[in-house]
file run-v4.cif (mmCIF, C-alpha atoms)
data_structure
#
loop_
_atom_site.group_PDB
_atom_site.id
_atom_site.type_symbol
_atom_site.label_atom_id
_atom_site.label_comp_id
_atom_site.auth_asym_id
_atom_site.auth_seq_id
_atom_site.Cartn_x
_atom_site.Cartn_y
_atom_site.Cartn_z
ATOM 1 C CA MET A 1111 0.000 0.000 0.000
ATOM 2 C CA ASN A 1112 1.220 3.499 -0.863
ATOM 3 C CA THR A 1113 1.684 5.497 2.350
ATOM 4 C CA PHE A 1114 2.250 8.768 0.481
ATOM 5 C CA GLN A 1115 -1.099 10.568 0.540
ATOM 6 C CA PRO A 1116 -2.431 14.126 0.111
ATOM 7 C CA ASN A 1117 -2.408 16.263 3.235
ATOM 8 C CA ARG A 1118 -5.963 17.343 2.406
ATOM 9 C CA TYR A 1119 -8.474 17.892 -0.372
ATOM 10 C CA GLU A 1120 -9.761 21.347 -1.317
ATOM 11 C CA HIS A 1121 -12.291 22.717 -3.750
ATOM 12 C CA GLY A 1122 -10.361 25.409 -5.607
ATOM 13 C CA ARG A 1123 -11.644 28.812 -6.580
ATOM 14 C CA THR A 1124 -11.359 30.842 -9.740
ATOM 15 C CA MET A 1125 -8.024 32.649 -9.831
ATOM 16 C CA LEU A 1126 -6.333 34.879 -12.373
ATOM 17 C CA LEU A 1127 -2.586 34.276 -12.332
ATOM 18 C CA ALA A 1128 -0.029 36.326 -14.223
ATOM 19 C CA GLY A 1129 3.711 36.022 -14.544
ATOM 20 C CA LEU A 1130 6.661 34.717 -16.510
ATOM 21 C CA ARG A 1131 5.771 31.694 -18.650
ATOM 22 C CA GLN A 1132 8.481 29.458 -20.177
ATOM 23 C CA TYR A 1133 8.821 26.021 -21.753
ATOM 24 C CA HIS A 1134 11.374 23.675 -20.124
ATOM 25 C CA GLY A 1135 12.802 20.377 -21.289
ATOM 26 C CA TYR A 1136 12.552 17.758 -18.552
ATOM 27 C CA SER A 1137 16.326 17.416 -18.145
ATOM 28 C CA GLU A 1138 16.984 21.184 -18.031
ATOM 29 C CA ALA A 1139 14.120 22.139 -15.704
ATOM 30 C CA VAL A 1140 16.102 21.616 -12.516
ATOM 31 C CA THR A 1141 18.469 24.476 -13.439
ATOM 32 C CA ASN A 1142 16.213 26.602 -15.660
ATOM 33 C CA ILE A 1143 13.256 27.001 -13.288
ATOM 34 C CA PRO A 1144 15.325 28.672 -10.510
ATOM 35 C CA ALA A 1145 16.653 31.115 -13.138
ATOM 36 C CA GLN A 1146 13.074 31.766 -14.275
ATOM 37 C CA TRP A 1147 12.069 32.596 -10.685
ATOM 38 C CA GLN A 1148 15.060 34.935 -10.262
ATOM 39 C CA HIS A 1149 14.044 36.811 -13.391
ATOM 40 C CA PHE A 1150 10.360 36.876 -12.406
ATOM 41 C CA VAL A 1151 10.758 38.321 -8.895
ATOM 42 C CA GLN A 1152 12.564 41.316 -10.400
ATOM 43 C CA GLN A 1153 9.274 42.169 -12.173
ATOM 44 C CA LEU A 1154 7.226 42.348 -8.954
ATOM 45 C CA PRO A 1155 4.851 43.764 -8.032
ATOM 46 C CA LEU A 1156 2.636 43.285 -11.081
ATOM 47 C CA PRO A 1157 -0.302 45.585 -11.829
ATOM 48 C CA ALA A 1158 -3.439 44.448 -9.949
ATOM 49 C CA GLN A 1159 -1.428 41.981 -7.805
ATOM 50 C CA VAL A 1160 -3.608 40.656 -4.977
ATOM 51 C CA HIS A 1161 -1.034 39.599 -2.330
ATOM 52 C CA SER A 1162 2.541 38.355 -1.950
ATOM 53 C CA THR A 1163 1.830 34.617 -2.365
ATOM 54 C CA THR A 1164 3.512 33.292 -5.520
ATOM 55 C CA TYR A 1165 2.573 30.333 -7.694
ATOM 56 C CA GLY A 1166 4.458 27.908 -9.897
ATOM 57 C CA VAL A 1167 1.897 26.759 -12.472
ATOM 58 C CA MET A 1168 2.119 23.705 -14.726
ATOM 59 C CA CYS A 1169 0.547 24.962 -17.953
ATOM 60 C CA GLY A 1170 0.845 21.821 -20.089
ATOM 61 C CA HIS A 1171 3.363 19.189 -21.133
ATOM 62 C CA ASP A 1172 4.445 16.983 -23.994
ATOM 63 C CA ALA A 1173 6.921 14.124 -24.441
ATOM 64 C CA HIS A 1174 9.924 16.459 -24.182
ATOM 65 C CA GLY A 1175 9.017 18.969 -21.485
ATOM 66 C CA PHE A 1176 6.446 21.274 -19.960
ATOM 67 C CA GLU A 1177 5.390 24.896 -19.748
ATOM 68 C CA TYR A 1178 5.783 26.502 -16.327
ATOM 69 C CA MET A 1179 4.715 29.921 -15.119
ATOM 70 C CA ALA A 1180 6.158 31.714 -12.107
ATOM 71 C CA GLY A 1181 3.308 34.009 -11.144
ATOM 72 C CA VAL A 1182 1.118 35.868 -8.709
ATOM 73 C CA GLU A 1183 -2.617 36.252 -8.346
ATOM 74 C CA VAL A 1184 -4.087 39.388 -9.925
ATOM 75 C CA ASN A 1185 -7.630 40.719 -9.791
ATOM 76 C CA SER A 1186 -7.535 41.640 -13.491
ATOM 77 C CA PHE A 1187 -5.381 41.044 -16.555
ATOM 78 C CA ASP A 1188 -5.840 44.730 -17.479
ATOM 79 C CA GLY A 1189 -2.634 46.743 -17.409
ATOM 80 C CA LEU A 1190 -0.306 43.769 -17.870
ATOM 81 C CA SER A 1191 2.347 43.934 -20.557
ATOM 82 C CA ALA A 1192 1.886 41.853 -23.710
ATOM 83 C CA GLU A 1193 4.807 39.628 -22.628
ATOM 84 C CA THR A 1194 3.228 38.721 -19.294
ATOM 85 C CA GLY A 1195 1.852 35.183 -19.160
ATOM 86 C CA ARG A 1196 -1.724 34.648 -18.056
ATOM 87 C CA VAL A 1197 -3.601 31.644 -16.664
ATOM 88 C CA ARG A 1198 -7.190 31.439 -15.493
ATOM 89 C CA VAL A 1199 -7.550 28.678 -12.906
ATOM 90 C CA GLU A 1200 -11.087 27.293 -12.762
ATOM 91 C CA PRO A 1201 -12.629 25.730 -9.648
ATOM 92 C CA VAL A 1202 -11.905 22.004 -9.370
ATOM 93 C CA ARG A 1203 -11.264 19.472 -6.605
ATOM 94 C CA TYR A 1204 -7.591 19.419 -5.623
ATOM 95 C CA ALA A 1205 -5.443 16.933 -3.788
ATOM 96 C CA VAL A 1206 -3.096 19.163 -1.777
ATOM 97 C CA PHE A 1207 0.359 17.909 -0.842
ATOM 98 C CA ILE A 1208 3.011 19.637 1.283
ATOM 99 C CA HIS A 1209 6.652 19.704 0.210
ATOM 100 C CA SER A 1210 8.788 20.502 3.267
ATOM 101 C CA GLY A 1211 12.444 21.401 3.419
ATOM 102 C CA ALA A 1212 14.778 22.403 0.623
ATOM 103 C CA ILE A 1213 13.162 23.487 -2.636
ATOM 104 C CA ALA A 1214 15.852 21.485 -4.453
ATOM 105 C CA GLY A 1215 13.922 18.327 -3.489
ATOM 106 C CA ILE A 1216 10.580 19.382 -4.951
ATOM 107 C CA ARG A 1217 11.146 17.269 -8.065
ATOM 108 C CA GLU A 1218 11.097 14.124 -5.888
ATOM 109 C CA THR A 1219 7.854 15.265 -4.250
ATOM 110 C CA TRP A 1220 6.293 15.750 -7.706
ATOM 111 C CA GLN A 1221 7.416 12.208 -8.625
ATOM 112 C CA LYS A 1222 5.738 10.817 -5.496
ATOM 113 C CA ILE A 1223 2.569 12.718 -6.422
ATOM 114 C CA HIS A 1224 2.589 11.225 -9.934
ATOM 115 C CA ASP A 1225 3.112 7.742 -8.461
ATOM 116 C CA TRP A 1226 0.246 8.324 -6.012
ATOM 117 C CA LEU A 1227 -2.014 9.465 -8.837
ATOM 118 C CA LEU A 1228 -1.297 6.306 -10.846
ATOM 119 C CA HIS A 1229 -2.352 4.081 -7.942
ATOM 120 C CA SER A 1230 -5.154 6.128 -6.381
ATOM 121 C CA SER A 1231 -8.865 6.238 -7.131
ATOM 122 C CA TYR A 1232 -8.264 9.620 -8.837
ATOM 123 C CA GLU A 1233 -6.978 10.778 -12.190
ATOM 124 C CA SER A 1234 -5.871 14.179 -13.398
ATOM 125 C CA ALA A 1235 -8.608 16.760 -13.916
ATOM 126 C CA HIS A 1236 -6.464 18.113 -16.783
ATOM 127 C CA LYS A 1237 -6.479 21.583 -15.270
ATOM 128 C CA PRO A 1238 -3.400 23.607 -14.306
ATOM 129 C CA ASP A 1239 -1.660 22.113 -11.269
ATOM 130 C CA PHE A 1240 0.314 24.554 -9.164
ATOM 131 C CA GLU A 1241 2.796 25.100 -6.384
ATOM 132 C CA ARG A 1242 1.734 27.686 -3.804
ATOM 133 C CA TYR A 1243 4.532 29.646 -2.065
ATOM 134 C CA ASP A 1244 3.202 31.572 0.938
ATOM 135 C CA GLU A 1245 4.760 32.908 4.167
ATOM 136 C CA ARG A 1246 5.834 29.369 5.186
ATOM 137 C CA PHE A 1247 8.458 29.369 2.412
ATOM 138 C CA ASP A 1248 11.631 31.458 2.645
ATOM 139 C CA SER A 1249 12.696 32.380 -0.890
ATOM 140 C CA GLN A 1250 16.052 33.659 0.396
ATOM 141 C CA THR A 1251 17.100 30.290 1.841
ATOM 142 C CA GLY A 1252 15.015 28.046 -0.447
ATOM 143 C CA MET A 1253 13.624 26.316 2.643
ATOM 144 C CA GLY A 1254 10.143 25.839 4.055
ATOM 145 C CA ASP A 1255 6.761 24.464 3.119
ATOM 146 C CA VAL A 1256 5.273 24.602 -0.378
ATOM 147 C CA GLU A 1257 1.749 23.430 -1.121
ATOM 148 C CA ILE A 1258 1.303 21.460 -4.347
ATOM 149 C CA TRP A 1259 -2.269 21.540 -5.667
ATOM 150 C CA VAL A 1260 -3.137 18.781 -8.159
ATOM 151 C CA GLY A 1261 -6.565 18.877 -9.833
ATOM 152 C CA VAL A 1262 -8.279 15.491 -9.554
ATOM 153 C CA VAL A 1263 -11.486 13.703 -10.553
ATOM 154 C CA HIS A 1264 -12.612 10.210 -9.576
ATOM 155 C CA ARG A 1265 -11.240 7.555 -11.903
ATOM 156 C CA THR A 1266 -13.879 6.228 -14.284
ATOM 157 C CA ASP A 1267 -12.246 2.944 -15.372
#

call {"tool": "encode", "arguments": {"input": "run-v4.cif", "output": "structure tokens"}}
result
Amino acid sequence: MNTFQPNRYEHGRTMLLAGLRQYHGYSEAVTNIPAQWQHFVQQLPLPAQVHSTTYGVMCGHDAHGFEYMAGVEVNSFDGLSAETGRVRVEPVRYAVFIHSGAIAGIRETWQKIHDWLLHSSYESAHKPDFERYDERFDSQTGMGDVEIWVGVVHRTD
């Protein structure tokens, strides 16, 4: 039996997220995503930014890599530059996991989540999954707690 389980389930809410959106090959992501975050935080605050919580959003994937957005919640996309990425997150049921400790280990937590999903009674809702970085995470040290929200629906097979 798989002992790795979500910390809780939540029904998400509609959110408008804006930020720096980039495509990453799977093998390069471990070095390219930190550089993406460094570049993104220099752009803050964004117009219409709601609070200081930041989000790492999985915006799609293919056989070679995935699109990732480092972003913040905004109350409107108005006033954003043309280069700013945008994602509308629709309400869905989420399995919420906590990654604790060094951010360098988050890839292993994502792997455990994917393994859990394969063997659980859920499947992907095919909505953007995201990492939520709030006051429990220290961006200066790269340490703390990060919530990982994975959209799920009950498996139909």

call {"tool": "closest_residue", "arguments": {"input": "run-v4.cif", "among": "A:Glu1183, A:Glu1177, A:Glu1233, A:Asp1244", "to": "A:Thr1266", "atoms": "only C-alpha atoms"}}
result
A:Glu1233

call {"tool": "resolve_selection", "arguments": {"input": "run-v4.cif", "expression": "the PyMOL selection byres ((chain A and resi 1223-1226) around 12)", "output": "number ranges by chain"}}
result
A: 1111-1117, 1205-1209, 1216-1222, 1227-1234, 1239, 1257-1262

call {"tool": "residues_near_point", "arguments": {"input": "run-v4.cif", "point": "(9.7, 29.8, 3.9)", "cutoff": "12 Å", "atoms": "only C-alpha atoms", "output": "PyMOL selection string"}}
result
chain A and resi 1163-1164+1209-1213+1242-1257

call {"tool": "residues_around", "arguments": {"input": "run-v4.cif", "residues": "stretch 1189-1198 of chain A", "least_positions_apart": "5", "cutoff": "6 Å", "atoms": "only C-alpha atoms", "output": "list in words"}}
result
Met1125, Leu1126, Leu1127, Ala1128, Gly1129, Leu1130 and Arg1131 of chain A

call {"tool": "write_last_selection", "arguments": {"input": "run-v4.cif", "atoms": "C-alpha atoms", "output": "short mmCIF file (atom, residue, chain, number, x, y, z; two decimals), in the frame of the given file"}}
result
data_model
loop_
_atom_site.label_atom_id
_atom_site.label_comp_id
_atom_site.auth_asym_id
_atom_site.auth_seq_id
_atom_site.Cartn_x
_atom_site.Cartn_y
_atom_site.Cartn_z
CA MET A 1125 -8.02 32.65 -9.83
CA LEU A 1126 -6.33 34.88 -12.37
CA LEU A 1127 -2.59 34.28 -12.33
CA ALA A 1128 -0.03 36.33 -14.22
CA GLY A 1129 3.71 36.02 -14.54
CA LEU A 1130 6.66 34.72 -16.51
CA ARG A 1131 5.77 31.69 -18.65
#

call {"tool": "atom_distance", "arguments": {"input": "run-v4.cif", "atom1": "atom CA of A:Ala1139", "atom2": "atom CA of A:Lys1237"}}
result
20.6 Å

call {"tool": "resolve_selection", "arguments": {"input": "run-v4.cif", "expression": "the PyMOL selection byres ((chain A and resi 1171-1174) around 7)", "output": "list in words"}}
result
Gly1135, Tyr1136, Gly1170, Gly1175, Phe1176 and Glu1177 of chain A

call {"tool": "atom_distance", "arguments": {"input": "run-v4.cif", "atom1": "atom CA of A:Thr1141", "atom2": "atom CA of A:Val1199"}}
result
26.4 Å
